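Engineer: This is work22.txt (compact mmCIF, C-alpha atoms).
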```txt
# COMPACT_ATOMS: atom_id res chain seq x y z
CA MET F 227 -15.48 23.20 4.45
CA PHE F 228 -15.38 26.98 4.69
CA SER F 229 -14.17 29.01 1.72
CA HIS F 230 -12.08 32.17 2.04
CA GLY F 231 -15.20 34.22 1.21
CA CYS F 232 -17.13 32.46 3.94
CA LEU F 233 -14.41 33.23 6.47
CA PHE F 234 -14.55 36.91 5.49
CA LEU F 235 -18.32 36.95 6.09
CA ILE F 236 -17.80 35.28 9.48
CA LEU F 237 -15.31 37.96 10.46
CA GLN F 238 -17.65 40.74 9.32
CA THR F 239 -20.47 39.19 11.35
CA VAL F 240 -18.26 38.96 14.42
CA LEU F 241 -17.29 42.64 14.17
CA SER F 242 -20.88 43.79 13.72
CA ARG F 243 -22.05 41.72 16.68
CA LEU F 244 -19.28 43.08 18.88
CA LYS F 245 -20.68 46.59 18.40
CA LEU F 246 -23.96 45.44 19.91
CA LEU F 247 -22.46 43.68 22.94
CA THR F 248 -21.38 45.17 26.23
CA MET F 249 -17.68 44.95 27.10
CA LYS F 250 -18.50 42.30 29.71
CA ASN F 251 -20.09 39.94 27.16
CA ALA F 252 -17.90 40.81 24.19
CA LEU F 253 -14.73 39.01 25.29
CA PRO F 254 -16.13 35.44 25.46
CA PHE F 255 -17.94 35.96 22.17
CA ALA F 256 -14.80 37.33 20.50
CA LEU F 257 -12.67 34.43 21.73
CA ALA F 258 -15.16 31.84 20.46
CA ALA F 259 -15.46 33.61 17.11
CA ALA F 260 -11.68 33.84 16.77
CA CYS F 261 -11.42 30.11 17.41
CA VAL F 262 -13.92 29.38 14.63
CA PHE F 263 -12.07 31.71 12.29
CA PHE F 264 -8.57 30.34 12.83
CA CYS F 265 -9.65 26.70 13.01
CA SER F 266 -11.52 27.09 9.74
CA ALA F 267 -8.48 28.72 8.16
CA ALA F 268 -6.36 25.77 9.28
CA MET F 269 -8.87 23.38 7.72
CA ILE F 270 -8.63 25.25 4.42
CA VAL F 271 -4.83 24.99 4.45
CA ALA F 272 -4.98 21.26 5.19
CA HIS F 273 -7.57 20.74 2.44
CA ALA F 274 -5.41 22.65 -0.03
CA GLN F 275 -2.39 20.49 0.83
CA GLN F 276 -4.44 17.34 0.29
CA ASN F 277 -5.22 18.51 -3.24
CA SER F 278 -1.72 19.54 -4.27
CA CYS F 279 1.86 18.34 -4.53
CA VAL F 280 3.41 21.28 -2.67
CA ASP F 281 5.09 18.80 -0.30
CA ASP F 282 6.20 16.49 -3.11
CA MET F 283 9.80 15.37 -2.69
CA VAL F 284 11.68 13.18 -5.16
CA VAL F 285 13.82 10.63 -3.33
CA ASP F 286 16.27 8.15 -4.82
CA VAL F 287 16.16 4.66 -3.34
CA GLN F 288 19.73 3.38 -3.24
CA PHE F 289 20.04 -0.16 -4.52
CA GLU F 290 23.43 -1.84 -4.74
CA ALA F 291 23.78 -1.44 -8.50
CA ARG F 292 21.50 1.54 -9.21
CA THR F 293 19.26 4.24 -7.82
CA PHE F 294 15.50 4.13 -8.16
CA PRO F 295 13.32 7.29 -8.11
CA ALA F 296 10.28 7.61 -5.86
CA GLN F 297 8.09 10.51 -4.71
CA LYS F 298 7.37 11.23 -1.05
CA ILE F 299 4.00 13.01 -1.10
CA GLY F 300 2.56 13.81 2.30
CA ASN F 301 2.30 10.55 4.22
CA ALA F 302 2.53 8.35 1.11
CA VAL F 303 5.20 7.15 -1.30
CA LEU F 304 4.57 6.98 -5.05
CA PHE F 305 6.67 5.11 -7.59
CA GLN F 306 6.30 3.62 -11.06
CA SER F 307 7.66 0.37 -12.44
CA GLY F 308 6.49 -2.83 -14.05
CA MET F 309 5.01 -5.83 -12.25
CA TYR F 310 6.31 -9.33 -11.85
CA VAL F 311 3.53 -11.74 -10.86
CA ASP F 312 4.06 -13.49 -7.52
CA ALA F 313 2.39 -16.78 -6.59
CA ASP F 314 3.84 -17.02 -3.08
CA GLY F 315 1.32 -18.01 -0.43
CA ALA F 316 -0.98 -19.83 -2.85
CA PRO F 317 -1.42 -23.50 -1.82
CA ASN F 318 -0.53 -24.59 -5.36
CA ALA F 319 2.27 -22.07 -5.94
CA TYR F 320 5.07 -24.64 -6.12
CA GLY F 321 5.41 -28.38 -6.32
CA PRO F 322 7.73 -31.21 -7.30
CA ASN F 323 8.66 -31.35 -10.97
CA ASN F 324 7.56 -27.73 -11.59
CA ARG F 325 3.88 -28.62 -11.22
CA GLY F 326 2.87 -25.41 -9.42
CA LEU F 327 1.64 -22.06 -10.66
CA ASP F 328 5.23 -20.85 -10.81
CA PHE F 329 8.59 -22.40 -11.63
CA THR F 330 10.07 -24.11 -8.57
CA ALA F 331 13.33 -22.29 -9.28
CA ASN F 332 11.61 -19.03 -8.29
CA ALA F 333 11.16 -20.39 -4.76
CA LEU F 334 14.90 -20.93 -4.42
CA ARG F 335 17.74 -18.55 -3.67
CA GLY F 336 21.30 -19.77 -3.52
CA GLY F 337 20.06 -23.34 -3.74
CA ARG F 338 17.86 -22.97 -0.63
CA PHE F 339 14.07 -22.78 -0.42
CA LEU F 340 13.01 -19.31 0.72
CA SER F 341 9.38 -19.13 -0.39
CA VAL F 342 8.47 -22.61 0.87
CA ALA F 343 8.11 -24.01 4.38
CA THR F 344 10.90 -26.45 5.13
CA HIS F 345 11.78 -29.16 7.60
CA SER F 346 14.83 -28.81 9.84
CA ASP F 347 16.97 -30.46 7.18
CA GLY F 348 15.94 -27.88 4.55
CA THR F 349 13.66 -30.16 2.55
CA PRO F 350 10.28 -28.67 1.54
CA VAL F 351 7.10 -29.41 3.47
CA ILE F 352 4.61 -31.23 1.24
CA GLN F 353 0.87 -31.04 1.80
CA ARG F 354 -0.39 -34.50 2.73
CA PHE F 355 -4.13 -34.06 2.25
CA GLY F 356 -6.76 -31.79 0.75
CA ARG F 357 -7.29 -30.33 -2.69
CA PHE F 358 -3.62 -29.45 -3.11
CA LYS F 359 -2.14 -32.66 -1.79
CA GLY F 360 1.40 -33.10 -3.09
CA PHE F 361 2.17 -29.39 -3.48
CA TYR F 362 4.70 -27.58 -1.30
CA VAL F 363 3.51 -25.21 1.45
CA SER F 364 4.31 -21.78 0.03
CA THR F 365 5.04 -18.96 2.48
CA THR F 366 4.79 -15.17 2.64
CA SER F 367 6.54 -12.76 4.99
CA LEU F 368 3.16 -11.56 6.30
CA HIS F 369 1.57 -14.45 8.15
CA ASN F 370 -0.80 -15.40 10.95
CA VAL F 371 1.39 -15.66 14.03
CA ALA F 372 -1.10 -18.06 15.61
CA GLY F 373 -1.05 -20.42 12.63
CA SER F 374 1.09 -23.50 12.08
CA PRO F 375 4.24 -22.81 10.02
CA THR F 376 3.45 -25.91 7.94
CA ALA F 377 -0.20 -25.01 7.20
CA PRO F 378 -1.02 -23.22 3.91
CA GLY F 379 -3.71 -21.12 5.63
CA THR F 380 -1.07 -19.40 7.76
CA TYR F 381 0.09 -17.36 4.75
CA VAL F 382 -1.37 -14.82 2.31
CA ASP F 383 -2.94 -16.60 -0.67
CA ALA F 384 -1.70 -14.90 -3.85
CA ARG F 385 -4.72 -16.20 -5.78
CA LYS F 386 -7.21 -14.41 -3.53
CA ILE F 387 -5.47 -11.43 -1.90
CA PRO F 388 -4.15 -8.41 -3.83
CA TYR F 389 -0.71 -7.82 -2.36
CA ILE F 390 2.54 -6.11 -3.25
CA VAL F 391 6.16 -7.12 -2.72
CA LEU F 392 8.80 -4.58 -1.65
CA PRO F 393 12.57 -4.84 -1.13
CA PRO F 394 14.33 -4.17 2.21
CA GLU F 395 15.93 -0.95 0.92
CA PHE F 396 12.49 0.58 0.24
CA MET F 397 11.19 -0.49 3.63
CA LYS F 398 14.11 1.05 5.48
CA GLN F 399 14.12 4.35 3.57
CA PHE F 400 10.40 5.09 3.95
CA GLY F 401 9.50 3.29 7.16
CA VAL F 402 7.22 0.82 5.41
CA ALA F 403 6.23 -2.30 7.36
CA LEU F 404 4.57 -5.58 6.48
CA GLY F 405 0.80 -5.19 6.56
CA ASP F 406 0.87 -1.60 5.32
CA LEU F 407 -1.63 -0.65 2.63
CA ALA F 408 -1.33 0.60 -0.94
CA MET F 409 -3.24 1.58 -4.03
CA VAL F 410 -1.93 0.29 -7.36
CA THR F 411 -2.87 1.67 -10.79
CA ASN F 412 -2.41 0.28 -14.27
CA LEU F 413 -1.63 3.47 -16.19
CA LYS F 414 -2.26 1.74 -19.51
CA ASN F 415 -5.92 0.82 -18.94
CA GLY F 416 -6.81 2.95 -15.88
CA LYS F 417 -7.70 -0.02 -13.65
CA THR F 418 -6.89 0.29 -9.95
CA SER F 419 -6.80 -1.99 -6.95
CA PHE F 420 -6.13 -1.59 -3.25
CA ALA F 421 -3.50 -3.93 -1.87
CA ILE F 422 -1.53 -4.97 1.19
CA PHE F 423 2.24 -5.27 1.57
CA ALA F 424 2.59 -9.01 2.23
CA ASP F 425 6.01 -10.16 1.08
CA VAL F 426 9.58 -8.90 1.35
CA GLY F 427 11.41 -9.36 -1.93
CA PRO F 428 15.10 -9.62 -2.77
CA ARG F 429 17.35 -6.59 -2.56
CA GLY F 430 17.47 -4.40 -5.64
CA LYS F 431 14.23 -5.73 -7.16
CA ILE F 432 11.07 -3.60 -7.14
CA GLY F 433 7.70 -3.90 -8.87
CA GLU F 434 5.93 -7.13 -7.94
CA GLY F 435 2.38 -8.11 -7.07
CA SER F 436 0.24 -11.15 -6.41
CA VAL F 437 -1.79 -13.13 -8.91
CA ALA F 438 -4.97 -11.50 -7.54
CA LEU F 439 -3.52 -8.00 -7.91
CA ALA F 440 -2.40 -8.62 -11.48
CA HIS F 441 -5.85 -9.95 -12.34
CA ALA F 442 -7.56 -6.91 -10.80
CA LEU F 443 -5.35 -4.59 -12.88
CA GLY F 444 -6.09 -6.39 -16.14
CA ILE F 445 -2.54 -7.76 -16.43
CA ASN F 446 -1.65 -11.28 -17.56
CA ASP F 447 -1.68 -12.97 -14.14
CA ASP F 448 0.36 -16.05 -15.05
CA PRO F 449 3.37 -16.14 -12.66
CA ARG F 450 5.43 -17.96 -15.27
CA HIS F 451 4.82 -15.81 -18.32
CA GLY F 452 2.66 -12.85 -17.26
CA GLY F 453 3.28 -9.45 -15.77
CA THR F 454 4.34 -6.25 -17.48
CA ASN F 455 7.54 -4.26 -17.83
CA SER F 456 6.11 -0.78 -17.16
CA ASN F 457 3.11 1.51 -16.57
CA ILE F 458 2.22 0.41 -13.04
CA ALA F 459 1.98 3.08 -10.32
CA TYR F 460 2.27 2.09 -6.66
CA LEU F 461 1.04 4.46 -3.93
CA VAL F 462 2.14 3.08 -0.55
CA PHE F 463 0.94 4.32 2.85
CA PRO F 464 3.62 3.72 5.52
CA GLN F 465 2.40 2.83 9.01
CA SER F 466 -1.14 2.13 7.80
CA GLY F 467 -1.32 -1.58 8.64
CA LEU F 468 -1.93 -3.84 11.62
CA GLY F 469 1.54 -5.38 11.78
CA SER F 470 3.37 -8.33 10.29
CA ASP F 471 1.43 -11.08 12.06
CA LYS F 472 -2.18 -10.35 11.13
CA LEU F 473 -3.90 -11.50 7.95
CA ARG F 474 -6.72 -9.47 6.41
CA SER F 475 -9.44 -10.39 3.96
CA ALA F 476 -9.67 -8.76 0.54
CA LYS F 477 -12.74 -6.86 1.76
CA GLU F 478 -10.92 -5.52 4.83
CA ILE F 479 -7.96 -4.45 2.69
CA LYS F 480 -10.24 -2.58 0.30
CA THR F 481 -12.10 -0.81 3.11
CA SER F 482 -9.01 0.25 5.07
CA ALA F 483 -6.86 1.17 2.06
CA SER F 484 -9.72 3.17 0.55
CA ARG F 485 -9.99 5.14 3.80
CA ALA F 486 -6.23 5.82 3.82
CA PHE F 487 -6.37 6.91 0.17
CA ARG F 488 -9.22 9.36 0.84
CA ARG F 489 -7.42 10.85 3.85
CA TRP F 490 -4.32 11.34 1.72
CA GLY F 491 -6.28 13.30 -0.90
CA GLY F 492 -7.80 10.65 -3.15
CA ALA F 493 -7.98 10.51 -6.91
CA ARG F 494 -7.81 14.29 -7.32
CA ARG F 495 -4.46 14.59 -5.54
CA LEU F 496 -3.12 11.56 -7.40
CA ARG F 497 -3.98 13.14 -10.76
CA VAL F 498 -2.30 16.42 -9.76
CA CYS F 499 0.84 14.62 -8.59
CA PHE F 500 1.07 12.59 -11.78
CA ILE F 501 0.89 15.79 -13.81
CA ALA F 502 3.47 17.47 -11.53
CA SER F 503 5.88 14.59 -11.97
```
Produce structure tokens that represent the structure in this file.
Structural biologist:
Amino acid sequence: MFSHGCLFLILQTVLSRLKLLTMKNALPFALAAACVFFCSAAMIVAHAQQNSCVDDMVVDVQFEARTFPAQKIGNAVLFQSGMYVDADGAPNAYGPNNRGLDFTANALRGGRFLSVATHSDGTPVIQRFGRFKGFYVSTTSLHNVAGSPTAPGTYVDARKIPYIVLPPEFMKQFGVALGDLAMVTNLKNGKTSFAIFADVGPRGKIGEGSVALAHALGINDDPRHGGTNSNIAYLVFPQSGLGSDKLRSAKEIKTSASRAFRRWGGARRLRVCFIAS
């Protein structure tokens, strides 16, 4: 990356060389040098933007009963909240008689199963074999389109994959789609984890992550009694994923989200934006 001083030296060199060239040869050389100069200047401006919050814009997400503040910073969205722990997608997330990782009531909404695969009559699909025989098949919004709707492997396993949950209002306002990537930080202990947006939550509720994400952040990862009420920062990168029908491994999520975070400006920009806010 060229500094302003370096650009000045380039310009001086160009001018001195022009004095030594004939008019016939000077024009191509001048055009090439000008291109280097202005392109380098543009790179400096872009680099400066990546290390500042000059394009920071506070935006209120409109929920039905309240507004929720978020920051639009470049091509990312930053917000702070707590974290509920989500077990959805884990093969032992829910089961008859509350035998799963989470309370069965948390898989219901309005008396209907929403986080569990169901038969046509609305009754939950129960695993008939394997290690988690007898548990319900728990679902996530992000899923493998080629997989069977009644197979646990079709969905994102909350025990193994660090994922976040976002409400429809947030998705609509910022253009966030299932499969997009994020970086999540526990402001209390400094631990961070890259994550994928894998589940659409209920309207008006924000701040939720998988068992694996909570564990990575040093939070109590028990879906029944864990989580935290505050001090979690979510940096989401809209349009950074592969779509709503492709699963990714934890390693792939880390690699791709880390790349998106570096392009955005990385830890230095994040620190500056936290201070600015």
Engineer: With 8 Å as the cut-off and all atoms listed in the file counted, what is the closest atom pair between each nearby residue of segment 345-462 of chain F and segment 309-325 of chain F? Distances in Å to one decimal, ordered by chain and number, as a Markdown table.
Structural biologist:
```
| residue | atom | partner | partner_atom | distance |
| --- | --- | --- | --- | --- |
| F:Phe358 | CA | F:Asn318 | CA | 6.2 |
| F:Gly360 | CA | F:Gly321 | CA | 7.0 |
| F:Phe361 | CA | F:Gly321 | CA | 4.4 |
| F:Tyr362 | CA | F:Gly321 | CA | 5.1 |
| F:Val363 | CA | F:Pro317 | CA | 6.2 |
| F:Ser364 | CA | F:Gly315 | CA | 4.8 |
| F:Thr365 | CA | F:Gly315 | CA | 4.8 |
| F:Thr366 | CA | F:Gly315 | CA | 5.4 |
| F:Pro378 | CA | F:Pro317 | CA | 5.8 |
| F:Tyr381 | CA | F:Gly315 | CA | 5.4 |
| F:Val382 | CA | F:Gly315 | CA | 5.0 |
| F:Asp383 | CA | F:Ala316 | CA | 4.4 |
| F:Ala384 | CA | F:Ala316 | CA | 5.1 |
| F:Arg385 | CA | F:Ala316 | CA | 6.0 |
| F:Gly433 | CA | F:Met309 | CA | 4.7 |
| F:Glu434 | CA | F:Tyr310 | CA | 4.5 |
| F:Gly435 | CA | F:Val311 | CA | 5.4 |
| F:Ser436 | CA | F:Asp312 | CA | 4.6 |
| F:Val437 | CA | F:Val311 | CA | 5.8 |
| F:Ala440 | CA | F:Val311 | CA | 6.7 |
| F:Asp447 | CA | F:Val311 | CA | 6.3 |
| F:Asp448 | CA | F:Val311 | CA | 6.8 |
| F:Pro449 | CA | F:Val311 | CA | 4.8 |
| F:Arg450 | CA | F:Val311 | CA | 7.9 |
| F:Gly452 | CA | F:Val311 | CA | 6.6 |
| F:Gly453 | CA | F:Tyr310 | CA | 5.0 |
| F:Thr454 | CA | F:Met309 | CA | 5.3 |
| F:Asn455 | CA | F:Met309 | CA | 6.3 |
| F:Ser456 | CA | F:Met309 | CA | 7.1 |
| F:Ile458 | CA | F:Met309 | CA | 6.9 |
```
Engineer: Rank nothing, just name the residue among F:Thr418, F:Met283, F:Ala424, F:Pro350 nearest to Val303 of chain F, using only C-alpha atoms.
Structural biologist: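 Ranked by minimum distance to Val303 of chain F, first place goes to F:Met283.
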Engineer: What is the atom CA of Ser475 of chain F to atom CA of Arg497 of chain F distance in Å?
Structural biologist: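 Atom CA of Arg497 of chain F lies at a distance of 28.3 Å from atom CA of Ser475 of chain F.
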Engineer: Give the answer as one residue: which of F:Thr411, F:Ser484, F:Ser367, F:Ser307 has the shortest atom-to-atom distance to Phe463 of chain F, using only C-alpha atoms?
Structural biologist: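 Result for the nearest residue to Phe463 of chain F: F:Ser484.
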Engineer: Would you mind reading off the distance between atom CA of Pro375 of chain F and atom CA of Val351 of chain F, one decimal, in Å?
Structural biologist: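 Between these atoms lies a distance of 9.7 Å.
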Engineer: What does the structure give for the distance between atom CA of Arg488 of chain F and atom CA of Gln297 of chain F, in Å to one decimal?
Structural biologist: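 If I compute the distance from atom CA of Arg488 of chain F to atom CA of Gln297 of chain F, I get 18.2 Å.
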Engineer: Pick the closest to Gly405 of chain F from F:Asn370, F:Thr293, F:Gln288, F:Asn301: which is it, counting only C-alpha atoms?
Structural biologist: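 Answer, going by the shortest atom-to-atom distance: F:Asn370.
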Engineer: Between F:Phe487, F:Phe294, F:Phe355, F:Phe400, which is the closest to Ser419 of chain F once you count all atoms listed in the file?
Structural biologist: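 For Ser419 of chain F, the nearest of the given residues is F:Phe487.
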Engineer: Which is closest to Pro295 of chain F among F:Ile352, F:Ile432, F:Thr344, F:Ala372, if we use all atoms listed in the file?
Structural biologist: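 Nearest to Pro295 of chain F: F:Ile432.
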Engineer: With only C-alpha atoms as the basis for distance, which of F:Gly416, F:Pro428, F:Gly336, F:Gly300 is at the shortest distance from Gly444 of chain F?
Structural biologist: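 Checking each candidate against Gly444 of chain F, we get F:Gly416 as the closest.
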Engineer: Extract, using all atoms listed in the file, all DNA, RNA and protein residues at most 6 Å from Leu461 of chain F, discarding same-chain residues fewer than 4 positions from it, and format them as a VMD selection string.
Structural biologist: chain F and resid 303 to 304 408 to 409
